[in-house]
$ cat query.txt   # compact mmCIF, C-alpha atoms
# COMPACT_ATOMS: atom_id res chain seq x y z
CA MET A 1 -12.31 15.96 45.79
CA THR A 2 -10.60 17.49 42.75
CA GLU A 3 -12.44 18.38 39.58
CA ASN A 4 -10.53 15.69 37.66
CA SER A 5 -11.66 12.96 40.03
CA THR A 6 -15.30 13.56 39.06
CA LEU A 7 -14.57 12.55 35.48
CA SER A 8 -15.21 9.03 34.30
CA ARG A 9 -12.21 6.86 33.52
CA ALA A 10 -12.92 7.16 29.79
CA GLU A 11 -13.01 10.96 30.00
CA ARG A 12 -9.67 11.04 31.80
CA GLU A 13 -8.17 8.66 29.24
CA ARG A 14 -9.46 10.78 26.38
CA THR A 15 -7.66 13.84 27.78
CA GLU A 16 -4.42 11.93 28.28
CA LEU A 17 -4.48 10.18 24.90
CA ALA A 18 -5.14 13.41 23.02
CA GLU A 19 -1.60 14.43 23.93
CA ARG A 20 0.04 11.05 23.46
CA LEU A 21 -1.46 9.62 20.29
CA GLU A 22 0.46 10.14 17.07
CA ASP A 23 -2.94 10.36 15.31
CA PRO A 24 -5.25 12.29 17.69
CA GLN A 25 -8.11 12.04 15.19
CA LEU A 26 -8.41 8.38 16.13
CA LEU A 27 -10.07 9.54 19.34
CA ASP A 28 -13.15 10.29 17.24
CA GLN A 29 -13.33 6.54 16.51
CA ALA A 30 -12.67 5.45 20.09
CA VAL A 31 -15.14 3.06 21.72
CA GLU A 32 -16.34 3.81 25.25
CA ILE A 33 -17.10 0.56 27.07
CA GLN A 34 -19.31 0.16 30.14
CA LEU A 35 -17.41 -2.00 32.63
CA SER A 36 -20.08 -2.38 35.32
CA ASP A 37 -23.48 -1.10 36.39
CA ASP A 38 -21.86 2.14 37.55
CA PRO A 39 -22.40 4.64 34.68
CA ASP A 40 -19.00 6.24 35.41
CA ASP A 41 -17.17 2.93 35.34
CA THR A 42 -16.07 2.97 31.71
CA CYS A 43 -12.91 2.65 29.68
CA LEU A 44 -11.79 3.91 26.28
CA ALA A 45 -10.56 1.64 23.45
CA VAL A 46 -8.81 3.36 20.54
CA PRO A 47 -8.60 1.46 17.21
CA ILE A 48 -5.43 1.06 15.19
CA GLY A 49 -4.92 3.31 12.19
CA GLY A 50 -2.34 5.63 10.65
CA ARG A 51 0.88 5.13 12.62
CA ARG A 52 -0.94 3.42 15.48
CA VAL A 53 -0.40 -0.32 15.09
CA ALA A 54 -1.60 -1.69 18.41
CA GLY A 55 -3.54 -0.92 21.56
CA GLN A 56 -4.55 -2.31 24.92
CA VAL A 57 -6.92 -1.76 27.84
CA THR A 58 -6.28 -2.99 31.38
CA VAL A 59 -9.38 -3.71 33.47
CA GLU A 60 -10.27 -5.28 36.82
CA GLY A 61 -11.11 -8.95 36.64
CA CYS A 62 -12.56 -11.48 34.24
CA ASP A 63 -16.03 -9.94 34.09
CA GLN A 64 -14.75 -6.57 32.88
CA ALA A 65 -12.40 -8.30 30.44
CA ARG A 66 -15.37 -10.17 28.98
CA ARG A 67 -17.30 -6.89 28.55
CA VAL A 68 -14.39 -5.35 26.67
CA VAL A 69 -13.96 -8.31 24.34
CA GLN A 70 -17.68 -8.48 23.60
CA ALA A 71 -17.78 -4.76 22.83
CA LEU A 72 -14.83 -4.83 20.40
CA VAL A 73 -14.90 -8.25 18.78
CA SER A 74 -16.99 -7.28 15.74
CA LEU A 75 -15.67 -3.74 15.23
CA PRO A 76 -13.15 -2.63 12.59
CA GLY A 77 -9.85 -1.33 13.89
CA PHE A 78 -9.41 -4.04 16.54
CA PRO A 79 -7.72 -6.96 14.71
CA CYS A 80 -6.30 -9.98 16.56
CA LEU A 81 -8.31 -9.06 19.64
CA ARG A 82 -7.25 -11.17 22.59
CA ASP A 83 -7.41 -11.35 26.36
CA GLY A 84 -3.77 -10.91 27.25
CA GLY A 85 -4.23 -12.49 30.66
CA PHE A 86 -3.25 -11.30 34.09
CA TYR A 87 -1.39 -8.08 34.64
CA GLY A 88 1.08 -8.70 37.45
CA PRO A 89 2.00 -11.81 39.45
CA SER A 90 -0.60 -14.52 39.71
CA SER A 91 -2.08 -15.99 42.88
CA ASP A 92 -4.60 -18.59 43.91
CA ASP A 93 -7.43 -16.05 43.65
CA ASP A 94 -7.07 -14.31 40.31
CA GLY A 95 -10.72 -13.75 39.43
CA ASP A 96 -10.55 -10.03 40.23
CA ARG A 97 -6.94 -9.39 39.24
CA PRO A 98 -6.23 -6.81 36.51
CA ARG A 99 -6.39 -8.21 32.98
CA THR A 100 -5.07 -6.65 29.79
CA ILE A 101 -7.04 -6.84 26.53
CA LYS A 102 -4.81 -6.34 23.49
CA TRP A 103 -5.34 -5.83 19.78
CA GLY A 104 -3.24 -5.20 16.68
CA LEU A 105 -1.20 -7.22 14.20
CA ARG A 106 0.83 -10.02 15.77
CA THR A 107 4.29 -10.55 14.31
CA GLY A 108 6.71 -11.40 17.11
CA ILE A 109 9.69 -9.78 15.37
CA ARG A 110 13.07 -11.04 16.62
CA ASP A 111 16.58 -9.74 16.24
CA ASP A 112 19.50 -11.59 14.60
CA HIS A 113 20.11 -13.54 17.80
CA GLY A 114 16.53 -14.72 18.18
CA ALA A 115 15.61 -12.36 21.00
CA SER A 116 12.12 -10.91 20.85
CA LEU A 117 12.15 -7.20 19.97
CA ALA A 118 8.48 -6.37 20.36
CA ARG A 119 5.04 -7.66 19.59
CA MET A 120 2.64 -5.23 18.01
CA TRP A 121 -0.30 -6.68 19.88
CA GLY A 122 -0.40 -5.33 23.40
CA PHE A 123 2.28 -2.72 22.78
CA HIS A 124 1.56 0.28 25.00
CA ASP A 125 0.09 3.41 23.39
CA ALA A 126 3.02 5.62 24.40
CA GLY A 127 5.44 3.25 22.67
CA VAL A 128 3.64 2.93 19.34
CA ARG A 129 5.52 5.75 17.65
CA ALA A 130 8.89 4.38 18.74
CA TYR A 131 7.89 0.93 17.55
CA VAL A 132 6.86 2.19 14.13
CA THR A 133 9.94 4.29 13.51
CA GLU A 134 12.49 1.83 14.93
CA GLN A 135 11.13 -1.65 14.41
CA THR A 136 8.59 -1.95 11.63
CA TRP A 137 11.17 -1.46 8.89
CA ARG A 138 11.76 -5.18 9.40
CA ASP A 139 8.20 -6.23 8.67
CA TRP A 140 6.14 -5.67 5.51
CA ARG A 141 2.94 -6.51 7.41
CA VAL A 142 2.90 -3.14 9.17
CA PRO A 143 1.36 -0.53 6.83
CA VAL A 144 3.45 2.65 6.82
CA THR A 145 0.43 4.75 5.76
CA PRO A 146 -3.32 4.37 6.15
CA VAL A 147 -4.55 1.59 3.85
CA PRO A 148 -8.05 0.35 2.91
CA ASP A 149 -9.64 -2.10 5.31
CA PHE A 150 -8.79 -5.64 4.16
CA ASP A 151 -12.06 -7.20 5.37
CA LYS A 152 -14.03 -4.81 3.19
CA SER A 153 -11.73 -5.14 0.18
CA ILE A 154 -12.62 -8.78 -0.39
CA SER A 155 -16.34 -7.97 -0.68
CA LYS A 156 -15.90 -5.56 -3.58
CA PRO A 157 -13.59 -5.40 -6.60
CA THR A 158 -10.23 -3.68 -6.31
CA GLU A 159 -8.16 -2.19 -9.11
CA GLY A 160 -5.18 -4.45 -8.41
CA ARG A 161 -7.14 -7.68 -8.61
CA VAL A 162 -9.14 -6.49 -11.63
CA TYR A 163 -5.86 -5.73 -13.39
CA ASN A 164 -4.54 -9.16 -12.45
CA PHE A 165 -7.64 -10.77 -13.96
CA LEU A 166 -7.28 -8.76 -17.18
CA LEU A 167 -3.67 -9.94 -17.50
CA GLY A 168 -4.71 -13.56 -17.19
CA GLY A 169 -3.38 -13.98 -13.65
CA GLY A 170 -5.04 -16.08 -10.98
CA GLU A 171 -5.00 -13.75 -7.97
CA HIS A 172 -8.54 -12.38 -7.91
CA TYR A 173 -11.94 -13.11 -6.44
CA LEU A 174 -15.35 -13.84 -7.89
CA VAL A 175 -16.40 -10.26 -7.22
CA ASP A 176 -13.56 -9.00 -9.44
CA ARG A 177 -14.42 -11.36 -12.29
CA GLU A 178 -18.12 -10.55 -12.09
CA PHE A 179 -17.40 -6.84 -12.27
CA VAL A 180 -15.19 -7.12 -15.37
CA CYS A 181 -17.72 -9.37 -17.10
CA SER A 182 -20.48 -6.88 -16.34
CA LEU A 183 -18.74 -4.33 -18.56
CA GLY A 184 -19.59 -6.33 -21.66
CA GLU A 185 -17.47 -8.46 -23.95
CA GLY A 186 -16.19 -5.56 -26.05
CA ASP A 187 -15.01 -3.41 -23.17
CA MET A 188 -13.60 -6.42 -21.35
CA GLU A 189 -11.49 -7.37 -24.37
CA ALA A 190 -10.36 -3.76 -24.91
CA LEU A 191 -9.25 -3.46 -21.29
CA ALA A 192 -7.40 -6.78 -21.47
CA VAL A 193 -5.50 -5.71 -24.60
CA ALA A 194 -4.62 -2.36 -23.01
CA ALA A 195 -3.42 -4.09 -19.82
CA VAL A 196 -1.17 -6.49 -21.72
CA ILE A 197 0.28 -3.68 -23.86
CA ASN A 198 1.00 -1.72 -20.71
CA ARG A 199 2.61 -4.73 -19.01
CA ALA A 200 4.80 -5.43 -22.04
CA HIS A 201 6.26 -1.91 -21.71
CA LEU A 202 8.01 -2.86 -18.46
CA PRO A 203 11.09 -4.72 -19.81
CA THR A 204 12.04 -1.85 -22.11
CA VAL A 205 12.06 0.87 -19.46
CA VAL A 206 13.89 -1.35 -16.97
CA LYS A 207 16.59 -2.00 -19.57
CA VAL A 208 16.94 1.73 -20.29
CA MET A 209 17.25 2.46 -16.57
CA ALA A 210 19.80 -0.33 -16.09
CA ASP A 211 21.85 0.95 -19.03
CA ARG A 212 22.01 4.31 -17.23
CA GLY A 213 23.46 2.63 -14.13
CA ILE A 214 20.35 2.27 -11.97
CA ASP A 215 20.42 -0.81 -9.75
CA GLN A 216 17.52 -0.15 -7.36
CA TYR A 217 13.86 0.06 -8.32
CA LEU A 218 10.68 1.19 -6.65
CA ASP A 219 7.41 -0.15 -8.08
CA LEU A 220 4.66 2.09 -6.69
CA GLY A 221 1.17 0.61 -6.86
CA CYS A 222 2.63 -2.65 -8.12
CA GLY A 223 -0.54 -4.72 -7.79
CA MET A 224 0.14 -8.44 -7.92
CA PRO A 225 3.73 -9.03 -9.13
CA ILE A 226 2.74 -12.01 -11.27
CA ARG A 227 5.41 -14.04 -13.01
CA ASP A 228 4.17 -13.71 -16.56
CA VAL A 229 1.51 -12.32 -18.86
CA THR A 230 -1.02 -14.21 -20.94
CA ALA A 231 0.61 -14.53 -24.37
CA ARG A 232 -1.16 -12.68 -27.18
CA LYS A 233 -0.25 -12.78 -30.84
CA GLY A 234 2.56 -15.22 -30.07
CA ALA A 235 4.49 -12.78 -27.86
CA PRO A 236 6.53 -14.40 -25.08
CA PRO A 237 5.66 -13.93 -21.43
CA TYR A 238 7.72 -11.44 -19.45
CA PRO A 239 9.41 -11.94 -16.06
CA VAL A 240 8.51 -9.78 -13.10
CA LEU A 241 10.39 -6.64 -12.16
CA HIS A 242 12.96 -8.15 -9.79
CA GLU A 243 13.87 -10.74 -12.43
CA LEU A 244 14.25 -8.04 -15.08
CA ALA A 245 16.36 -5.92 -12.74
CA ALA A 246 18.65 -8.87 -12.03
CA GLN A 247 19.15 -9.39 -15.76
CA GLY A 248 20.14 -5.77 -16.20
CA ARG A 249 22.45 -5.08 -13.24
CA GLY A 250 22.93 -8.37 -11.45
CA ALA A 251 22.57 -7.57 -7.75
CA ALA A 252 19.71 -5.10 -8.05
CA ARG A 253 17.38 -4.11 -5.22
CA VAL A 254 13.62 -4.10 -5.96
CA VAL A 255 10.90 -2.77 -3.67
CA TYR A 256 7.22 -3.39 -4.36
CA VAL A 257 4.63 -1.03 -2.86
CA ASP A 258 0.87 -1.46 -2.76
CA ARG A 259 -2.01 -0.66 -0.44
CA ASP A 260 -3.93 -3.90 -1.11
CA LEU A 261 -2.57 -6.31 1.48
CA SER A 262 -4.58 -9.20 0.04
CA LEU A 263 -2.44 -9.19 -3.12
CA PHE A 264 0.90 -9.60 -1.42
CA ALA A 265 -0.48 -12.12 1.02
CA LYS A 266 -0.88 -14.44 -1.97
CA SER A 267 2.63 -13.92 -3.35
CA ARG A 268 4.49 -13.64 -0.03
CA ILE A 269 5.92 -17.16 -0.03
CA TRP A 270 7.61 -17.10 -3.41
CA LEU A 271 8.83 -13.52 -2.94
CA GLU A 272 10.32 -14.24 0.46
CA GLU A 273 12.08 -17.34 -0.87
CA ASP A 274 13.45 -15.58 -3.96
CA PRO A 275 17.26 -15.41 -3.72
CA ARG A 276 17.25 -11.91 -5.21
CA GLY A 277 15.54 -10.65 -2.06
CA PRO A 278 12.74 -8.44 -3.40
CA GLN A 279 11.19 -6.29 -0.68
CA TRP A 280 7.62 -5.20 -0.03
CA VAL A 281 6.21 -2.06 1.61
CA SER A 282 2.54 -1.82 2.55
CA GLY A 283 1.41 1.74 1.91
CA ASP A 284 -0.71 4.10 -0.17
CA ILE A 285 0.94 6.55 -2.58
CA GLN A 286 -1.76 9.09 -1.77
CA TYR A 287 0.29 9.64 1.42
CA MET A 288 3.54 10.00 -0.50
CA GLU A 289 5.51 11.98 2.08
CA GLN A 290 4.58 9.60 4.89
CA LEU A 291 5.37 6.64 2.63
CA LEU A 292 8.81 7.83 1.55
CA HIS A 293 9.82 9.00 5.03
CA SER A 294 8.78 5.78 6.74
CA GLY A 295 11.49 3.83 8.51
CA ARG A 296 11.00 0.81 6.27
CA MET A 297 11.24 2.74 3.01
CA GLN A 298 14.32 4.58 4.19
CA ARG A 299 16.05 1.30 4.97
CA VAL A 300 15.13 -0.90 2.01
CA LEU A 301 16.53 1.63 -0.49
CA ASP A 302 19.70 3.71 -0.57
CA TRP A 303 18.45 7.28 -0.94
CA SER A 304 21.93 8.62 -1.63
CA ARG A 305 21.97 6.96 -5.06
CA PRO A 306 19.60 7.05 -8.09
CA ILE A 307 16.36 5.06 -7.88
CA GLY A 308 14.21 3.90 -10.79
CA VAL A 309 10.55 4.53 -10.01
CA LEU A 310 7.68 2.87 -11.87
CA LEU A 311 4.14 4.23 -11.80
CA HIS A 312 2.57 2.01 -14.44
CA ASP A 313 -1.21 2.24 -14.68
CA VAL A 314 -1.47 3.52 -11.11
CA LEU A 315 -2.35 7.22 -11.09
CA PRO A 316 -5.63 6.85 -13.06
CA TRP A 317 -7.00 5.04 -10.00
CA ILE A 318 -6.72 8.24 -7.93
CA GLY A 319 -9.57 10.52 -8.90
CA ASP A 320 -8.43 13.64 -7.03
CA ASP A 321 -6.15 15.76 -9.24
CA GLY A 322 -4.85 17.67 -6.23
CA VAL A 323 -3.77 14.49 -4.45
CA VAL A 324 -1.96 13.25 -7.57
CA THR A 325 -0.23 16.59 -8.14
CA GLU A 326 0.96 16.81 -4.53
CA ALA A 327 2.11 13.19 -4.41
CA MET A 328 4.14 13.54 -7.59
CA ALA A 329 5.71 16.81 -6.42
CA VAL A 330 6.84 15.11 -3.19
CA LEU A 331 8.21 12.12 -5.11
CA ARG A 332 10.19 14.24 -7.56
CA THR A 333 11.64 16.34 -4.73
CA GLU A 334 12.67 13.36 -2.59
CA LEU A 335 14.30 11.30 -5.35
CA PRO A 336 18.10 11.67 -5.67
CA PRO A 337 19.53 13.23 -8.85
CA GLY A 338 19.94 10.69 -11.62
CA SER A 339 16.75 8.88 -10.60
CA ALA A 340 14.28 7.76 -13.26
CA LEU A 341 10.51 8.12 -13.37
CA SER A 342 8.44 5.94 -15.71
CA ILE A 343 4.70 6.57 -15.97
CA THR A 344 1.93 4.97 -17.99
CA HIS A 345 -1.48 6.57 -17.62
CA ALA A 346 -4.92 5.90 -19.12
CA ALA A 347 -6.14 8.48 -21.63
CA ASP A 348 -8.85 9.05 -24.21
CA PHE A 349 -8.04 8.88 -27.93
CA GLY A 350 -10.78 10.82 -29.67
CA ASP A 351 -14.53 10.49 -29.29
CA GLU A 352 -14.56 6.97 -30.73
CA HIS A 353 -12.04 5.58 -28.25
CA LYS A 354 -12.89 7.18 -24.93
CA VAL A 355 -11.84 4.93 -22.09
CA SER A 356 -13.31 7.52 -19.74
CA ARG A 357 -16.72 6.01 -20.55
CA LEU A 358 -15.79 3.34 -18.02
CA SER A 359 -15.36 5.81 -15.16
CA GLU A 360 -19.04 5.53 -14.28
CA PRO A 361 -19.23 1.71 -13.93
CA PHE A 362 -15.92 1.67 -12.06
CA GLY A 363 -17.21 4.38 -9.75
CA ALA A 364 -20.42 2.45 -9.12
CA ALA A 365 -18.25 -0.48 -8.01
CA GLY A 366 -16.37 1.76 -5.57
CA ILE A 367 -13.24 2.24 -7.70
CA ASP A 368 -11.98 5.68 -8.76
CA PHE A 369 -10.95 5.72 -12.41
CA LYS A 370 -9.89 8.98 -14.05
CA PRO A 371 -8.10 9.00 -17.41
CA ARG A 372 -6.20 12.24 -18.02
CA ASP A 373 -5.20 14.04 -21.21
CA ALA A 374 -1.65 14.26 -22.56
CA PRO A 375 -0.83 17.74 -21.15
CA ALA A 376 -1.96 16.68 -17.66
CA ILE A 377 0.12 13.49 -17.84
CA GLY A 378 3.13 15.45 -19.05
CA ARG A 379 2.90 17.77 -16.04
CA LEU A 380 3.35 14.78 -13.72
CA PHE A 381 7.06 14.87 -14.65
CA GLY A 382 7.46 18.48 -13.51
CA THR A 383 10.55 20.07 -15.04
CA TRP A 384 12.30 16.79 -15.78
CA PRO A 385 13.09 16.43 -19.50
CA LEU A 386 11.37 13.49 -21.18
CA GLU A 387 13.43 10.83 -22.92
CA MET A 388 12.72 10.36 -26.61
CA PRO A 389 10.21 9.69 -28.08
CA GLY A 390 8.42 11.73 -25.40
CA LEU A 391 4.82 11.08 -24.42
CA VAL A 392 3.37 8.35 -26.65
CA PRO A 393 1.33 5.14 -26.25
CA PRO A 394 3.41 2.42 -24.55
CA HIS A 395 3.59 0.23 -27.67
CA ARG A 396 4.95 3.15 -29.71
CA TRP A 397 7.64 4.11 -27.20
CA HIS A 398 10.11 1.54 -28.57
CA PRO A 399 10.02 -0.15 -32.00
CA GLU A 400 10.66 -3.60 -30.50
CA HIS A 401 7.53 -3.58 -28.38
CA PRO A 402 5.79 -6.94 -29.10
CA TYR A 403 2.47 -5.17 -29.79
CA ALA A 404 3.88 -2.37 -31.94
CA ASP A 405 1.56 -3.38 -34.78
CA CYS A 406 -1.57 -2.72 -32.71
CA GLU A 407 -3.65 0.36 -33.42
CA TYR A 408 -2.44 3.63 -31.90
CA HIS A 409 -5.42 3.80 -29.54
CA ASP A 410 -5.32 0.15 -28.41
CA ALA A 411 -3.16 0.94 -25.36
CA GLN A 412 -5.74 3.49 -24.17
CA ALA A 413 -2.79 5.15 -22.41
CA PHE A 414 0.29 7.34 -22.75
CA ALA A 415 3.78 6.50 -21.50
CA ALA A 416 6.92 8.51 -20.83
CA LEU A 417 10.27 8.23 -19.07
CA ALA A 418 12.36 10.99 -17.50
CA PHE A 419 15.58 11.23 -15.49
CA LYS A 420 16.16 13.79 -12.75
CA PRO A 421 18.97 16.08 -13.88
CA GLU A 422 22.27 15.52 -12.06
CA GLY A 423 23.03 18.11 -9.42
CA SER A 424 19.41 19.22 -9.37
CA ASP A 425 16.96 19.35 -6.49
CA ARG A 426 14.17 20.56 -8.76
CA ALA A 427 10.75 18.93 -8.70

$ encode --input "query.txt" --output "structure tokens"
Amino acid sequence: MTENSTLSRAERERTELAERLEDPQLLDQAVEIQLSDDPDDTCLAVPIGGRRVAGQVTVEGCDQARRVVQALVSLPGFPCLRDGGFYGPSSDDDGDRPRTIKWGLRTGIRDDHGASLARMWGFHDAGVRAYVTEQTWRDWRVPVTPVPDFDKSISKPTEGRVYNFLLGGGEHYLVDREFVCSLGEGDMEALAVAAVINRAHLPTVVKVMADRGIDQYLDLGCGMPIRDVTARKGAPPYPVLHELAAQGRGAARVVYVDRDLSLFAKSRIWLEEDPRGPQWVSGDIQYMEQLLHSGRMQRVLDWSRPIGVLLHDVLPWIGDDGVVTEAMAVLRTELPPGSALSITHAADFGDEHKVSRLSEPFGAAGIDFKPRDAPAIGRLFGTWPLEMPGLVPPHRWHPEHPYADCEYHDAQAFAALAFKPEGSDRA
């Protein structure tokens, strides 16, 4: 008897998977399942996460299949858990035949001729990497980076849905509304005014980008791409990004990116039916390199030509300065020359108008919120020269902003736009 044969099945699987998994750290989250009364008769179930989008376990017979399902059914990381049925040809006596338990997102992607390419559920471990890099560019439902757990996100407020509520949209939950109301009437109104001012900055920067020849746009941390904004002071509502882009350049490509899958799930139908063909990528900008290098991102944009990137009211919701600095450095390096970068970012305006006072209640609700000062925001552009008028509140960036008559501090944010110099690879 060899030394390896004395190991339990789960121990042997752990050794094998450590070499095969794209994300070996997932082994720390693996579930060891007892398949029978024999203490060595176990199997290992590895959850999805990172680049791993599916998994499966093959066991002997219905009884072992039932044990696996019961062990995994309530655990995170095993979505769409199902008994995949018999493994191999059937017979009259199938009670003890091998059965395969599968988990992962179920999409059933097909090629242009209707032939099935692959199903993420039940896709073998060794093939996950190939599936991600070759197939998932077709499907927005496959996150290209780690993203927050959806089941948990609906039990607590999220920055995207809170922002949607402040804008007067309808894509939010009771938990989001209760959180905003808990801040008090004054802070709630101040945040709403700041959100609308920030949103009204979008048409101007898109027009400037379009005038410079940009016809593809990347909206990072887009939140809910709602159709309009609650009118204030008689200002008209504004169309969403892909409508603005179409006005500027006609056949423009727009890609929305967010890590909150619940937001896009609500807007999927009207986006998919839009004749302008806006695209969606599920991912987190905190993993910028993985996001930009993903198969889907590489295919939905042409990286040989300039891209207009929007980071509007996104970076304040990442509390780690190091993560923000690294993500922005990667973004600036990867963008082609001639690309544009537009940022709006929360900031304090003197002791009497410190939006950072809200960091504590946001943090207590599980949301990072970190306003940054003007020098720190300016450094997010690296060496790229800022377009005039430089770094100013959004409603002072262009004289035709509909809220230009608001107080300087009402935006509670700074805004700037920069273009990557032609012929430059500088970050």

$ atom_distance --input "query.txt" --atom1 "CA of Ala346 in chain A" --atom2 "CA of Phe414 in chain A"
6.5 Å

$ residues_around --input "query.txt" --residues "Pro157 in chain A" --least-positions-apart "3" --cutoff "12 Å" --atoms "all atoms listed in the file" --output "PyMOL selection string"
chain A and resi 150+152-154+160-165+172-181+260+262+361-368

$ closest_residue --input "query.txt" --among "A:Val323, A:Arg9, A:Met224, A:His398" --to "Leu166 in chain A" --atoms "only C-alpha atoms"
A:Met224

$ residues_around --input "query.txt" --residues "range 252-255 of chain A" --least-positions-apart "2" --cutoff "10 Å" --atoms "only C-alpha atoms" --output "VMD selection string"
chain A and resid 210 214 to 220 222 241 to 250 257 276 to 281 297 300 to 302 307 to 309

$ residues_around --input "query.txt" --residues "Ile377 in chain A" --least-positions-apart "5" --cutoff "9 Å" --atoms "all atoms listed in the file" --output "compact mmCIF listing (two decimals) with C-alpha atoms, in the coordinates of the input"
# COMPACT_ATOMS: atom_id res chain seq x y z
CA ILE A 343 4.70 6.57 -15.97
CA THR A 344 1.93 4.97 -17.99
CA HIS A 345 -1.48 6.57 -17.62
CA ALA A 347 -6.14 8.48 -21.63
CA ARG A 372 -6.20 12.24 -18.02
CA LEU A 391 4.82 11.08 -24.42
CA PHE A 414 0.29 7.34 -22.75
CA ALA A 415 3.78 6.50 -21.50
CA ALA A 416 6.92 8.51 -20.83

$ atom_distance --input "query.txt" --atom1 "CA of Leu311 in chain A" --atom2 "CA of Val53 in chain A"
27.6 Å

$ residues_near_point --input "query.txt" --point "(-7.6, 9.5, -7.6)" --cutoff "10 Å" --atoms "only C-alpha atoms" --output "NGL selection string"
:A and (286 or 314-324 or 367-371)

$ atom_distance --input "query.txt" --atom1 "CA of Ser282 in chain A" --atom2 "CA of Asp211 in chain A"
29.1 Å

$ closest_residue --input "query.txt" --among "A:Pro24, A:Pro98, A:Gly77, A:Pro239" --to "Val57 in chain A" --atoms "only C-alpha atoms"
A:Pro98

$ residues_around --input "query.txt" --residues "Ala65 in chain A" --least-positions-apart "6" --cutoff "12 Å" --atoms "all atoms listed in the file" --output "compact mmCIF listing (two decimals) with C-alpha atoms, in the frame of the given file"
# COMPACT_ATOMS: atom_id res chain seq x y z
CA ILE A 33 -17.10 0.56 27.07
CA GLN A 34 -19.31 0.16 30.14
CA LEU A 35 -17.41 -2.00 32.63
CA SER A 36 -20.08 -2.38 35.32
CA THR A 42 -16.07 2.97 31.71
CA CYS A 43 -12.91 2.65 29.68
CA GLN A 56 -4.55 -2.31 24.92
CA VAL A 57 -6.92 -1.76 27.84
CA THR A 58 -6.28 -2.99 31.38
CA VAL A 59 -9.38 -3.71 33.47
CA ALA A 71 -17.78 -4.76 22.83
CA LEU A 72 -14.83 -4.83 20.40
CA VAL A 73 -14.90 -8.25 18.78
CA LEU A 81 -8.31 -9.06 19.64
CA ARG A 82 -7.25 -11.17 22.59
CA ASP A 83 -7.41 -11.35 26.36
CA GLY A 84 -3.77 -10.91 27.25
CA GLY A 85 -4.23 -12.49 30.66
CA PHE A 86 -3.25 -11.30 34.09
CA TYR A 87 -1.39 -8.08 34.64
CA GLY A 95 -10.72 -13.75 39.43
CA ASP A 96 -10.55 -10.03 40.23
CA ARG A 97 -6.94 -9.39 39.24
CA PRO A 98 -6.23 -6.81 36.51
CA ARG A 99 -6.39 -8.21 32.98
CA THR A 100 -5.07 -6.65 29.79
CA ILE A 101 -7.04 -6.84 26.53
CA LYS A 102 -4.81 -6.34 23.49

$ closest_residue --input "query.txt" --among "A:Ile48, A:Val355, A:Val196, A:Ala329" --to "Pro394 in chain A" --atoms "all atoms listed in the file"
A:Val196
